[in-house]
$ cat run_29.tsv   # TSV, C-alpha atoms
chain	number	residue	atom	x	y	z
T	1	MET	CA	0.00	0.00	0.00
T	2	LYS	CA	1.88	3.05	-1.26
T	3	LEU	CA	1.33	6.77	-0.91
T	4	GLU	CA	-0.12	7.18	-4.40
T	5	VAL	CA	-3.31	5.45	-3.21
T	6	VAL	CA	-3.25	5.37	0.57
T	7	SER	CA	-5.58	7.50	2.64
T	8	ARG	CA	-3.86	8.69	5.77
T	9	ALA	CA	-4.47	11.14	8.58
T	10	ARG	CA	-3.71	14.82	8.70
T	11	LEU	CA	-0.91	15.75	11.06
T	12	ARG	CA	-1.05	17.71	14.31
T	13	PRO	CA	2.27	16.77	15.90
T	14	GLY	CA	2.93	17.38	19.55
T	15	MET	CA	5.67	16.39	21.96
T	16	CYS	CA	3.25	14.78	24.42
T	17	LEU	CA	1.78	12.69	21.66
T	18	LEU	CA	5.18	11.57	20.40
T	19	THR	CA	6.26	10.71	23.94
T	20	GLY	CA	3.12	8.63	24.31
T	21	MET	CA	3.92	6.83	21.10
T	22	VAL	CA	7.41	5.97	22.30
T	23	LEU	CA	6.13	4.72	25.66
T	24	ALA	CA	3.43	2.67	23.96
T	25	GLY	CA	6.05	1.09	21.72
T	26	VAL	CA	8.24	0.21	24.69
T	27	MET	CA	5.28	-1.36	26.49
T	28	VAL	CA	4.37	-3.44	23.44
T	29	ALA	CA	7.96	-4.63	23.04
T	30	ALA	CA	8.18	-5.54	26.71
T	31	THR	CA	4.97	-7.53	26.80
T	32	THR	CA	4.90	-9.26	23.41
T	33	ALA	CA	7.43	-11.94	24.34
T	34	ASP	CA	5.53	-12.73	27.52
T	35	ARG	CA	2.36	-13.47	25.53
T	36	ILE	CA	4.00	-16.18	23.41
T	37	THR	CA	3.77	-19.71	24.81
T	38	GLU	CA	6.78	-22.01	24.75
T	39	ARG	CA	4.91	-24.28	22.34
T	40	ALA	CA	4.33	-21.36	19.95
T	41	LYS	CA	7.97	-20.27	20.18
T	42	ARG	CA	9.19	-23.80	19.43
T	43	LEU	CA	6.85	-24.14	16.46
T	44	HIS	CA	7.50	-20.69	15.08
T	45	PHE	CA	11.27	-20.84	15.20
T	46	SER	CA	11.38	-24.34	13.74
T	47	SER	CA	9.22	-23.27	10.78
T	48	ILE	CA	10.20	-21.49	7.57
T	49	VAL	CA	8.32	-18.20	7.92
T	50	ILE	CA	7.89	-16.47	4.56
T	51	ASP	CA	6.68	-12.92	3.92
T	52	THR	CA	5.82	-12.39	0.26
T	53	HIS	CA	5.68	-8.59	0.21
T	54	ASP	CA	7.84	-5.95	1.91
T	55	ASP	CA	8.62	-2.43	0.70
T	56	THR	CA	11.92	-2.05	2.52
T	57	THR	CA	13.70	-1.68	-0.84
T	58	GLN	CA	12.63	1.95	-0.95
T	59	ARG	CA	14.68	2.63	2.18
T	60	PHE	CA	17.83	1.25	0.54
T	61	LEU	CA	17.69	4.10	-1.98
T	62	ASP	CA	17.09	6.96	0.45
T	63	GLY	CA	20.53	6.76	2.03
T	64	GLY	CA	21.32	6.50	5.72
T	65	PHE	CA	19.45	3.21	6.24
T	66	ASP	CA	21.43	0.19	7.43
T	67	LEU	CA	19.60	-3.12	7.14
T	68	GLY	CA	22.10	-4.73	9.47
T	69	VAL	CA	21.26	-2.76	12.61
T	70	ARG	CA	18.10	-2.32	14.63
T	71	ASN	CA	16.34	0.80	13.42
T	72	ALA	CA	14.03	3.03	15.44
T	73	LEU	CA	11.77	3.56	12.42
T	74	GLY	CA	10.16	1.20	9.96
T	75	SER	CA	9.38	-2.49	10.25
T	76	VAL	CA	12.22	-4.50	8.74
T	77	ASP	CA	15.90	-4.93	9.50
T	78	ILE	CA	18.05	-7.99	10.14
T	79	PRO	CA	17.91	-7.88	13.97
T	80	ARG	CA	14.12	-7.64	13.99
T	81	MET	CA	13.74	-10.28	11.26
T	82	LYS	CA	15.83	-12.64	13.37
T	83	GLU	CA	13.90	-11.78	16.51
T	84	GLY	CA	10.65	-12.53	14.69
T	85	GLY	CA	11.90	-15.77	13.12
T	86	LEU	CA	11.44	-14.52	9.55
T	87	GLY	CA	13.04	-17.07	7.25
T	88	ALA	CA	12.40	-15.59	3.81
T	89	ILE	CA	11.43	-12.13	2.60
T	90	PHE	CA	10.37	-10.89	-0.84
T	91	PHE	CA	11.73	-7.37	-1.33
T	92	SER	CA	9.35	-5.38	-3.51
T	93	ILE	CA	10.62	-3.48	-6.56
T	94	TRP	CA	8.16	-0.61	-6.90
T	95	ILE	CA	7.81	2.78	-8.54
T	96	PRO	CA	4.64	4.89	-8.93
T	97	SER	CA	2.33	3.81	-11.76
T	98	LYS	CA	2.75	7.18	-13.49
T	99	VAL	CA	6.43	6.40	-14.14
T	100	THR	CA	6.60	4.39	-17.35
T	101	GLY	CA	8.86	3.56	-20.29
T	102	PRO	CA	12.68	3.58	-20.09
T	103	GLU	CA	12.66	5.52	-16.80
T	104	ALA	CA	10.58	2.79	-15.16
T	105	VAL	CA	13.02	0.12	-16.35
T	106	LYS	CA	16.01	2.14	-15.20
T	107	ARG	CA	14.58	2.63	-11.74
T	108	GLY	CA	13.44	-0.97	-11.50
T	109	ARG	CA	16.92	-2.28	-12.26
T	110	ALA	CA	18.45	0.15	-9.78
T	111	GLN	CA	16.18	-1.22	-7.06
T	112	ILE	CA	17.06	-4.82	-7.92
T	113	GLU	CA	20.72	-3.93	-7.66
T	114	ALA	CA	20.05	-2.29	-4.29
T	115	VAL	CA	18.55	-5.55	-3.02
T	116	LEU	CA	21.42	-7.62	-4.42
T	117	GLY	CA	23.90	-5.16	-2.95
T	118	ASN	CA	22.39	-5.53	0.50
T	119	VAL	CA	22.51	-9.31	0.21
T	120	ARG	CA	26.21	-9.09	-0.64
T	121	LYS	CA	26.85	-6.61	2.16
T	122	HIS	CA	25.10	-8.77	4.75
T	123	SER	CA	26.14	-12.18	3.45
T	124	ASN	CA	26.59	-13.56	6.97
T	125	ASP	CA	22.85	-13.13	7.54
T	126	LEU	CA	21.24	-13.08	4.08
T	127	ALA	CA	21.43	-15.18	0.94
T	128	LEU	CA	19.63	-14.76	-2.37
T	129	ALA	CA	17.09	-17.47	-3.17
T	130	THR	CA	15.19	-17.99	-6.40
T	131	THR	CA	13.52	-21.38	-5.83
T	132	ALA	CA	11.63	-23.25	-3.13
T	133	ASP	CA	14.58	-25.58	-2.63
T	134	GLY	CA	16.84	-22.53	-2.47
T	135	ILE	CA	14.82	-21.14	0.43
T	136	ARG	CA	15.08	-24.46	2.26
T	137	GLU	CA	18.84	-24.56	1.71
T	138	VAL	CA	19.31	-20.99	2.99
T	139	HIS	CA	17.21	-21.88	6.02
T	140	LYS	CA	19.47	-24.88	6.75
T	141	GLN	CA	22.42	-22.48	6.70
T	142	GLY	CA	20.78	-20.40	9.43
T	143	LYS	CA	20.38	-17.39	7.14
T	144	ILE	CA	17.40	-15.38	5.90
T	145	ALA	CA	16.46	-15.98	2.27
T	146	ALA	CA	16.13	-12.76	0.25
T	147	LEU	CA	13.86	-12.85	-2.80
T	148	ILE	CA	12.68	-10.26	-5.29
T	149	GLY	CA	9.18	-9.37	-6.46
T	150	ILE	CA	8.33	-6.79	-9.14
T	151	GLU	CA	5.33	-4.68	-8.09
T	152	GLY	CA	3.60	-3.34	-11.16
T	153	GLY	CA	3.66	-4.42	-14.81
T	154	HIS	CA	4.45	-0.86	-15.87
T	155	LEU	CA	8.02	-1.69	-14.82
T	156	ILE	CA	8.54	-3.84	-17.93
T	157	ALA	CA	7.66	-0.99	-20.34
T	158	SER	CA	5.55	-3.37	-22.45
T	159	ASP	CA	8.65	-5.36	-23.36
T	160	LEU	CA	8.90	-9.10	-22.74
T	161	GLY	CA	12.67	-8.76	-23.01
T	162	VAL	CA	12.66	-6.57	-19.91
T	163	LEU	CA	10.51	-9.13	-18.11
T	164	ARG	CA	13.08	-11.81	-18.99
T	165	SER	CA	15.91	-9.61	-17.74
T	166	TYR	CA	14.19	-9.18	-14.38
T	167	ALA	CA	13.77	-12.94	-14.10
T	168	ALA	CA	17.46	-13.42	-14.95
T	169	LEU	CA	18.37	-11.00	-12.14
T	170	GLY	CA	16.38	-13.10	-9.68
T	171	ALA	CA	12.83	-11.72	-9.67
T	172	ARG	CA	10.39	-14.50	-8.86
T	173	TYR	CA	7.04	-12.79	-9.13
T	174	MET	CA	5.44	-9.78	-10.76
T	175	THR	CA	2.32	-7.97	-9.60
T	176	LEU	CA	0.59	-7.25	-12.90
T	177	THR	CA	-0.56	-3.74	-11.94
T	178	HIS	CA	-0.17	-1.30	-9.11
T	179	SER	CA	-2.68	1.45	-8.28
T	180	GLY	CA	-2.87	2.63	-11.88
T	181	ASN	CA	-3.49	0.57	-14.99
T	182	ALA	CA	-0.55	-0.94	-16.81
T	183	GLU	CA	-0.48	-0.44	-20.56
T	184	TRP	CA	-1.92	-3.95	-20.87
T	185	ALA	CA	-3.87	-4.68	-17.66
T	186	ASP	CA	-6.49	-2.98	-15.51
T	187	SER	CA	-5.96	-2.14	-11.84
T	188	SER	CA	-8.51	-2.46	-9.05
T	189	THR	CA	-8.11	1.21	-8.20
T	190	ALA	CA	-8.31	2.87	-11.62
T	191	ARG	CA	-10.96	3.32	-14.30
T	192	ALA	CA	-10.97	0.28	-16.57
T	193	GLU	CA	-9.26	0.81	-19.93
T	194	HIS	CA	-8.64	-2.71	-21.22
T	195	SER	CA	-11.51	-4.85	-19.93
T	196	GLY	CA	-8.97	-6.90	-18.00
T	197	LEU	CA	-5.92	-8.16	-19.88
T	198	THR	CA	-5.07	-7.10	-23.41
T	199	GLU	CA	-3.64	-9.67	-25.83
T	200	PHE	CA	-0.17	-8.51	-24.87
T	201	GLY	CA	-1.14	-8.89	-21.20
T	202	LYS	CA	-2.06	-12.51	-21.88
T	203	ASP	CA	1.36	-12.97	-23.49
T	204	VAL	CA	2.93	-11.56	-20.31
T	205	VAL	CA	1.17	-14.20	-18.22
T	206	ARG	CA	2.24	-16.98	-20.59
T	207	GLU	CA	5.83	-15.78	-20.54
T	208	MET	CA	5.84	-15.58	-16.75
T	209	ASN	CA	4.65	-19.19	-16.67
T	210	ARG	CA	7.55	-20.16	-18.92
T	211	LEU	CA	10.06	-18.17	-16.85
T	212	GLY	CA	8.89	-19.67	-13.57
T	213	MET	CA	7.74	-16.30	-12.23
T	214	ILE	CA	4.63	-16.31	-10.04
T	215	VAL	CA	1.81	-14.21	-11.49
T	216	ASP	CA	0.68	-11.88	-8.68
T	217	ILE	CA	-2.92	-10.65	-8.82
T	218	SER	CA	-2.83	-8.25	-5.86
T	219	HIS	CA	-3.87	-4.79	-7.13
T	220	VAL	CA	-5.54	-6.05	-10.34
T	221	SER	CA	-9.17	-5.52	-11.27
T	222	ASP	CA	-11.68	-8.33	-10.84
T	223	LYS	CA	-11.81	-8.76	-14.64
T	224	THR	CA	-8.02	-8.90	-14.90
T	225	PHE	CA	-8.08	-11.53	-12.16
T	226	ALA	CA	-10.58	-13.63	-14.11
T	227	ASP	CA	-8.49	-13.33	-17.29
T	228	VAL	CA	-5.35	-14.42	-15.42
T	229	LEU	CA	-7.03	-17.55	-14.05
T	230	GLU	CA	-8.22	-18.45	-17.52
T	231	ILE	CA	-4.79	-17.99	-19.14
T	232	SER	CA	-2.25	-19.11	-16.53
T	233	LYS	CA	-1.11	-22.73	-16.61
T	234	ALA	CA	0.60	-22.29	-13.23
T	235	PRO	CA	-1.02	-21.41	-9.90
T	236	VAL	CA	-1.03	-17.69	-9.10
T	237	PHE	CA	-1.14	-15.76	-5.84
T	238	ALA	CA	-2.18	-12.48	-4.30
T	239	SER	CA	1.09	-11.45	-2.66
T	240	HIS	CA	-0.51	-8.97	-0.24
T	241	SER	CA	-4.32	-8.85	-0.16
T	242	ASP	CA	-7.15	-9.36	2.33
T	243	CYS	CA	-10.76	-10.56	2.41
T	244	ARG	CA	-13.44	-8.28	0.96
T	245	ALA	CA	-16.10	-9.99	3.09
T	246	ILE	CA	-14.49	-8.40	6.16
T	247	CYS	CA	-13.28	-5.11	4.64
T	248	ASP	CA	-14.92	-3.95	1.42
T	249	ALA	CA	-11.86	-2.51	-0.33
T	250	PRO	CA	-11.39	-3.08	-4.08
T	251	ARG	CA	-7.84	-4.23	-3.31
T	252	ASN	CA	-9.27	-7.13	-1.29
T	253	MET	CA	-10.64	-10.38	-2.70
T	254	THR	CA	-14.23	-11.59	-2.65
T	255	ASP	CA	-14.96	-15.06	-1.34
T	256	GLU	CA	-15.76	-16.13	-4.90
T	257	MET	CA	-12.33	-14.91	-6.05
T	258	ILE	CA	-10.57	-16.63	-3.15
T	259	ARG	CA	-12.31	-19.92	-3.95
T	260	ALA	CA	-11.45	-19.60	-7.66
T	261	LEU	CA	-7.82	-18.83	-6.79
T	262	ALA	CA	-7.61	-21.90	-4.57
T	263	ALA	CA	-9.28	-24.13	-7.17
T	264	LYS	CA	-6.34	-23.41	-9.48
T	265	GLY	CA	-3.81	-24.16	-6.72
T	266	GLY	CA	-3.22	-20.51	-5.84
T	267	MET	CA	-2.93	-18.57	-2.59
T	268	ILE	CA	-3.98	-15.40	-0.83
T	269	GLN	CA	-1.18	-13.87	1.26
T	270	ILE	CA	-2.74	-11.81	4.04
T	271	ASN	CA	-1.84	-8.10	4.11
T	272	TYR	CA	-1.41	-6.23	7.43
T	273	HIS	CA	-2.45	-2.76	6.22
T	274	VAL	CA	-5.14	-1.35	8.51
T	275	GLY	CA	-7.16	0.07	5.62
T	276	PHE	CA	-7.57	-3.43	4.21
T	277	LEU	CA	-8.04	-5.16	7.56
T	278	SER	CA	-10.71	-2.96	9.14
T	279	GLN	CA	-13.97	-1.72	7.64
T	280	GLU	CA	-14.26	0.77	10.48
T	281	PHE	CA	-10.89	2.27	9.60
T	282	ARG	CA	-11.73	2.36	5.90
T	283	ASN	CA	-15.05	4.08	6.58
T	284	ALA	CA	-13.34	6.74	8.69
T	285	GLU	CA	-10.85	7.45	5.90
T	286	LYS	CA	-13.54	7.65	3.23
T	287	ALA	CA	-15.55	10.06	5.37
T	288	HIS	CA	-12.65	12.56	5.37
T	289	PRO	CA	-10.98	12.76	1.94
T	290	GLU	CA	-9.35	16.00	2.95
T	291	TRP	CA	-6.95	13.96	5.08
T	292	ASP	CA	-5.26	12.68	1.94
T	293	ARG	CA	-4.40	16.18	0.83
T	294	ALA	CA	-3.14	17.23	4.24
T	295	ILE	CA	-1.02	14.13	4.74
T	296	ALA	CA	0.51	14.40	1.28
T	297	LEU	CA	1.62	17.94	2.03
T	298	GLU	CA	3.08	17.00	5.40
T	299	VAL	CA	4.88	13.94	4.04
T	300	GLN	CA	6.40	16.00	1.24
T	301	LYS	CA	7.54	18.57	3.78
T	302	ARG	CA	9.28	15.88	5.81
T	303	CYS	CA	10.64	13.75	2.97
T	304	GLY	CA	10.75	15.59	-0.32
T	305	THR	CA	11.05	12.99	-3.08
T	306	ARG	CA	12.56	10.22	-0.90
T	307	GLU	CA	10.04	7.42	-1.35
T	308	GLY	CA	11.27	5.27	1.53
T	309	CYS	CA	10.89	8.20	3.89
T	310	GLN	CA	7.42	8.92	2.51
T	311	LEU	CA	6.21	5.40	3.32
T	312	ILE	CA	7.61	5.40	6.86
T	313	GLU	CA	6.37	8.90	7.70
T	314	GLY	CA	2.89	8.12	6.36
T	315	ASP	CA	2.63	5.25	8.83
T	316	ARG	CA	3.93	7.39	11.70
T	317	ILE	CA	1.47	10.19	11.02
T	318	THR	CA	-1.46	7.78	10.85
T	319	ARG	CA	-0.45	6.37	14.22
T	320	GLU	CA	-0.41	9.86	15.70
T	321	TYR	CA	-3.92	10.42	14.44
T	322	VAL	CA	-5.13	7.13	15.94
T	323	LEU	CA	-3.53	7.85	19.29
T	324	ARG	CA	-5.26	11.21	19.28
T	325	GLY	CA	-8.56	9.35	18.93
T	326	ASP	CA	-9.57	10.70	15.53
T	327	LEU	CA	-9.07	7.45	13.60
T	328	PRO	CA	-10.13	4.05	14.95
T	329	ARG	CA	-7.45	1.88	16.49
T	330	VAL	CA	-6.89	-1.40	14.64
T	331	GLU	CA	-5.31	-4.25	16.59
T	332	TRP	CA	-3.01	-6.89	15.07
T	333	THR	CA	-5.60	-9.56	15.82
T	334	LYS	CA	-7.52	-8.42	12.71
T	335	ILE	CA	-4.78	-10.23	10.77
T	336	ILE	CA	-5.88	-13.46	12.43
T	337	GLU	CA	-9.50	-12.73	11.54
T	338	HIS	CA	-8.59	-12.45	7.86
T	339	ILE	CA	-6.39	-15.54	7.95
T	340	ASP	CA	-9.17	-17.55	9.57
T	341	HIS	CA	-11.77	-16.34	7.09
T	342	ALA	CA	-9.52	-17.11	4.12
T	343	VAL	CA	-8.83	-20.61	5.44
T	344	LYS	CA	-12.55	-21.28	5.81
T	345	VAL	CA	-13.16	-20.12	2.23
T	346	ALA	CA	-10.09	-21.43	0.41
T	347	GLY	CA	-8.86	-24.29	2.57
T	348	ILE	CA	-5.76	-24.57	4.71
T	349	ASP	CA	-3.43	-25.11	1.73
T	350	HIS	CA	-4.11	-21.73	0.13
T	351	VAL	CA	-3.33	-19.04	2.72
T	352	GLY	CA	-0.04	-17.35	3.63
T	353	LEU	CA	1.48	-14.05	4.81
T	354	GLY	CA	2.26	-10.90	2.80
T	355	SER	CA	2.70	-8.14	5.36
T	356	ASP	CA	3.31	-4.99	3.29
T	357	PHE	CA	5.83	-3.98	5.97
T	358	ASP	CA	7.50	-0.61	5.30
T	359	GLY	CA	4.83	0.23	2.73
T	360	ALA	CA	1.57	0.51	4.68
T	361	ASN	CA	-0.06	1.41	7.99
T	362	MET	CA	0.57	-1.39	10.46
T	363	PRO	CA	-1.97	-2.37	13.14
T	364	PHE	CA	-1.11	-1.96	16.79
T	365	GLY	CA	0.91	-4.89	18.05
T	366	MET	CA	2.33	-5.76	14.61
T	367	GLU	CA	4.59	-2.77	14.15
T	368	ASP	CA	7.53	-4.73	12.80
T	369	ALA	CA	8.91	-8.16	11.92
T	370	SER	CA	9.84	-8.96	15.52
T	371	LYS	CA	6.14	-9.36	16.34
T	372	LEU	CA	5.55	-12.28	13.93
T	373	PRO	CA	5.54	-15.03	16.61
T	374	GLN	CA	2.22	-13.60	17.81
T	375	ILE	CA	0.59	-14.97	14.65
T	376	THR	CA	1.75	-18.49	15.45
T	377	ASN	CA	0.62	-18.15	19.05
T	378	ALA	CA	-2.82	-16.84	18.05
T	379	LEU	CA	-3.42	-19.57	15.47
T	380	LEU	CA	-2.55	-22.26	18.00
T	381	GLU	CA	-4.92	-20.66	20.50
T	382	LYS	CA	-7.68	-20.80	17.87
T	383	GLY	CA	-7.16	-24.55	17.59
T	384	TYR	CA	-5.08	-24.78	14.43
T	385	SER	CA	-2.81	-27.82	14.37
T	386	GLU	CA	0.94	-27.32	14.32
T	387	GLY	CA	1.08	-28.72	10.79
T	388	ASP	CA	-1.56	-26.28	9.59
T	389	VAL	CA	0.21	-23.34	11.21
T	390	LYS	CA	3.43	-24.30	9.43
T	391	LYS	CA	1.52	-24.28	6.14
T	392	ILE	CA	0.31	-20.72	6.70
T	393	LEU	CA	3.71	-19.52	7.88
T	394	GLY	CA	5.52	-20.71	4.76
T	395	GLU	CA	4.97	-24.27	3.59
T	396	ASN	CA	2.04	-23.28	1.37
T	397	THR	CA	4.20	-20.68	-0.35
T	398	LEU	CA	6.98	-23.20	-0.86
T	399	ARG	CA	4.48	-25.64	-2.38
T	400	LEU	CA	3.18	-23.00	-4.78
T	401	MET	CA	6.70	-21.96	-5.79
T	402	ALA	CA	7.68	-25.56	-6.47
T	403	GLU	CA	4.60	-26.05	-8.66
T	404	VAL	CA	5.31	-22.88	-10.64
T	405	GLU	CA	8.88	-24.12	-11.14
T	406	ARG	CA	7.65	-27.56	-12.28
T	407	ILE	CA	5.31	-26.08	-14.86
T	408	SER	CA	8.10	-23.80	-16.11
T	409	ARG	CA	10.31	-26.83	-16.70
T	410	GLU	CA	7.52	-28.59	-18.58
T	411	LEU	CA	6.82	-25.57	-20.78
T	412	ASN	CA	10.48	-25.15	-21.65
T	413	ALA	CA	10.91	-28.86	-22.36
T	414	ALA	CA	7.96	-28.75	-24.76
T	415	LYS	CA	9.46	-25.97	-26.91
$ encode --input "run_29.tsv" --output "structure tokens"
Amino acid sequence: MKLEVVSRARLRPGMCLLTGMVLAGVMVAATTADRITERAKRLHFSSIVIDTHDDTTQRFLDGGFDLGVRNALGSVDIPRMKEGGLGAIFFSIWIPSKVTGPEAVKRGRAQIEAVLGNVRKHSNDLALATTADGIREVHKQGKIAALIGIEGGHLIASDLGVLRSYAALGARYMTLTHSGNAEWADSSTARAEHSGLTEFGKDVVREMNRLGMIVDISHVSDKTFADVLEISKAPVFASHSDCRAICDAPRNMTDEMIRALAAKGGMIQINYHVGFLSQEFRNAEKAHPEWDRAIALEVQKRCGTREGCQLIEGDRITREYVLRGDLPRVEWTKIIEHIDHAVKVAGIDHVGLGSDFDGANMPFGMEDASKLPQITNALLEKGYSEGDVKKILGENTLRLMAEVERISRELNAAK
């Protein structure tokens, strides 16, 4: 969830408020570990926990951010990933939808290099993975697997050669659109221009199948989603989406869509953004569109054109507004509500985690990657078996990746 579409709160900063935020954060950090049972800790830290969507890449480009040390701001760094037992992370390669053509490709490649550079820099803790088996091998080494996802088909500049180059650099999924339409696919948050996928868009899906790249249908229109399911020979996923039955946002999936996704072997990866988790929060935002304008001005004042800063400050400002009592407070347990609903609709084999860390407004109690064991604890308390929890944490994603890889091999062998 990026600033070009997010609705956030207007800012009225105050020292008392900021002090309260700091104290609240300390209290959460101090009590979270106490809430996790020994059984949950054992299960969580013996599992491969996979997050399929994080926007931390933007921070690599701003300067001054060190992934290797604990940071006071944001949600992801190596110490907090380790503390939260995160075993694999997909770093998102994203630029605004309005940036297209050669500039989009240039910026996309720069972001991929930033991810690869951080993997090289922190090679004691991170290793690049491009396959399901690769993630398992990195996990055996006691490292965190770093993967790459392209967020928005506009990044290929309508060129299958660019798509192939991203795959060669290690990208293992592509979200077909972002908040605006791609030149060949409609987004869920823009006026339809193509009635789903164009013929070129269908070629993109076919080529992704051949390349072994997961087709990601988060952000796409309902018609684009239907076209993808009809065309794709491999299972697809929503890398960071929630359930429309709980929160009626166009970015979320209806029960019918979730069932159709699962029927083709696909997955919904649950997003932690409060505006997708909570109908109450979404209603409050929609009732005050002027907040968007005010927050955009304040974020620009604080960050200028630094996109990583914009994402982090947007989350901080929203939190200030909630703590002031003007926006409803959303607790992290809404994540569990969406997971549970998706499991009931799709089945246990078709649900995973796609946080949107460092790119969205996090609920209280899930401020960063260190809080992930709470999900395991909560699922066990709801009566999920240990095997089913492991599926949600990462085994389902590994299964889907392996199937996409298998179909890629078959398609290439048939040529």
$ residues_around --input "run_29.tsv" --residues "Lys223 of chain T" --least-positions-apart "3" --cutoff "8 Å" --atoms "all atoms listed in the file" --output "list in words"
Asp186, Ser195, Gly196, Leu197, Ala226 and Asp227 of chain T
$ write_last_selection --input "run_29.tsv" --atoms "C-alpha atoms" --output "PDB file, in the coordinates of the input"
ATOM      1  CA  ASP T 186      -6.490  -2.980 -15.510  1.00  0.00           C
ATOM      2  CA  SER T 195     -11.510  -4.850 -19.930  1.00  0.00           C
ATOM      3  CA  GLY T 196      -8.970  -6.900 -18.000  1.00  0.00           C
ATOM      4  CA  LEU T 197      -5.920  -8.160 -19.880  1.00  0.00           C
ATOM      5  CA  ALA T 226     -10.580 -13.630 -14.110  1.00  0.00           C
ATOM      6  CA  ASP T 227      -8.490 -13.330 -17.290  1.00  0.00           C
TER       7      ASP T 227
END
$ closest_atom_pairs --input "run_29.tsv" --of "segment 63-119 of chain T" --to "segment 300-323 of chain T" --cutoff "12 Å" --atoms "all atoms listed in the file" --output "tab-separated table"
residue	atom	partner	partner_atom	distance
T:Gly63	CA	T:Arg306	CA	9.2
T:Gly64	CA	T:Cys309	CA	10.7
T:Phe65	CA	T:Gly308	CA	9.7
T:Asn71	CA	T:Ile312	CA	11.8
T:Ala72	CA	T:Ile312	CA	11.0
T:Leu73	CA	T:Ile312	CA	7.2
T:Gly74	CA	T:Ile312	CA	5.8
T:Ser75	CA	T:Ile312	CA	8.8
T:Val76	CA	T:Ile312	CA	11.1
T:Ser92	CA	T:Gly308	CA	11.9
T:Ile93	CA	T:Gly308	CA	11.9
T:Trp94	CA	T:Glu307	CA	9.9
T:Ile95	CA	T:Glu307	CA	8.8
T:Pro96	CA	T:Glu307	CA	9.6
T:Gln111	CA	T:Gly308	CA	11.8
$ residues_around --input "run_29.tsv" --residues "segment 100-102 of chain T" --least-positions-apart "3" --cutoff "6 Å" --atoms "all atoms listed in the file" --output "list in words"
Val105, His154 and Ala157 of chain T
$ closest_residue --input "run_29.tsv" --among "T:Gly212, T:Pro250, T:Gly266, T:Gly325" --to "Thr397 of chain T" --atoms "all atoms listed in the file"
T:Gly266
$ atom_distance --input "run_29.tsv" --atom1 "atom CA of Ile135 of chain T" --atom2 "atom CA of Phe237 of chain T"
18.0 Å
$ decode --input "run_29.tsv" --residues "segment 216-256 of chain T" --atoms "C-alpha atoms" --output "mmCIF file, in the first residue's frame"
data_model
loop_
_atom_site.group_PDB
_atom_site.id
_atom_site.type_symbol
_atom_site.label_atom_id
_atom_site.label_comp_id
_atom_site.auth_asym_id
_atom_site.auth_seq_id
_atom_site.Cartn_x
_atom_site.Cartn_y
_atom_site.Cartn_z
ATOM 1 C CA ASP T 216 0.684 -11.882 -8.680
ATOM 2 C CA ILE T 217 -2.919 -10.651 -8.823
ATOM 3 C CA SER T 218 -2.827 -8.251 -5.864
ATOM 4 C CA HIS T 219 -3.873 -4.787 -7.129
ATOM 5 C CA VAL T 220 -5.536 -6.053 -10.335
ATOM 6 C CA SER T 221 -9.175 -5.520 -11.272
ATOM 7 C CA ASP T 222 -11.680 -8.326 -10.844
ATOM 8 C CA LYS T 223 -11.810 -8.756 -14.640
ATOM 9 C CA THR T 224 -8.020 -8.901 -14.899
ATOM 10 C CA PHE T 225 -8.078 -11.531 -12.156
ATOM 11 C CA ALA T 226 -10.581 -13.634 -14.110
ATOM 12 C CA ASP T 227 -8.492 -13.332 -17.286
ATOM 13 C CA VAL T 228 -5.354 -14.416 -15.420
ATOM 14 C CA LEU T 229 -7.033 -17.546 -14.048
ATOM 15 C CA GLU T 230 -8.216 -18.452 -17.520
ATOM 16 C CA ILE T 231 -4.790 -17.991 -19.144
ATOM 17 C CA SER T 232 -2.249 -19.108 -16.532
ATOM 18 C CA LYS T 233 -1.111 -22.725 -16.611
ATOM 19 C CA ALA T 234 0.602 -22.287 -13.228
ATOM 20 C CA PRO T 235 -1.018 -21.408 -9.904
ATOM 21 C CA VAL T 236 -1.026 -17.693 -9.098
ATOM 22 C CA PHE T 237 -1.145 -15.762 -5.844
ATOM 23 C CA ALA T 238 -2.176 -12.478 -4.298
ATOM 24 C CA SER T 239 1.094 -11.449 -2.658
ATOM 25 C CA HIS T 240 -0.511 -8.969 -0.238
ATOM 26 C CA SER T 241 -4.323 -8.851 -0.160
ATOM 27 C CA ASP T 242 -7.154 -9.357 2.334
ATOM 28 C CA CYS T 243 -10.764 -10.555 2.405
ATOM 29 C CA ARG T 244 -13.442 -8.278 0.960
ATOM 30 C CA ALA T 245 -16.099 -9.985 3.087
ATOM 31 C CA ILE T 246 -14.487 -8.397 6.159
ATOM 32 C CA CYS T 247 -13.277 -5.112 4.645
ATOM 33 C CA ASP T 248 -14.920 -3.951 1.418
ATOM 34 C CA ALA T 249 -11.862 -2.506 -0.334
ATOM 35 C CA PRO T 250 -11.391 -3.077 -4.081
ATOM 36 C CA ARG T 251 -7.842 -4.226 -3.308
ATOM 37 C CA ASN T 252 -9.270 -7.126 -1.294
ATOM 38 C CA MET T 253 -10.638 -10.379 -2.701
ATOM 39 C CA THR T 254 -14.234 -11.587 -2.647
ATOM 40 C CA ASP T 255 -14.961 -15.064 -1.337
ATOM 41 C CA GLU T 256 -15.757 -16.128 -4.898
#
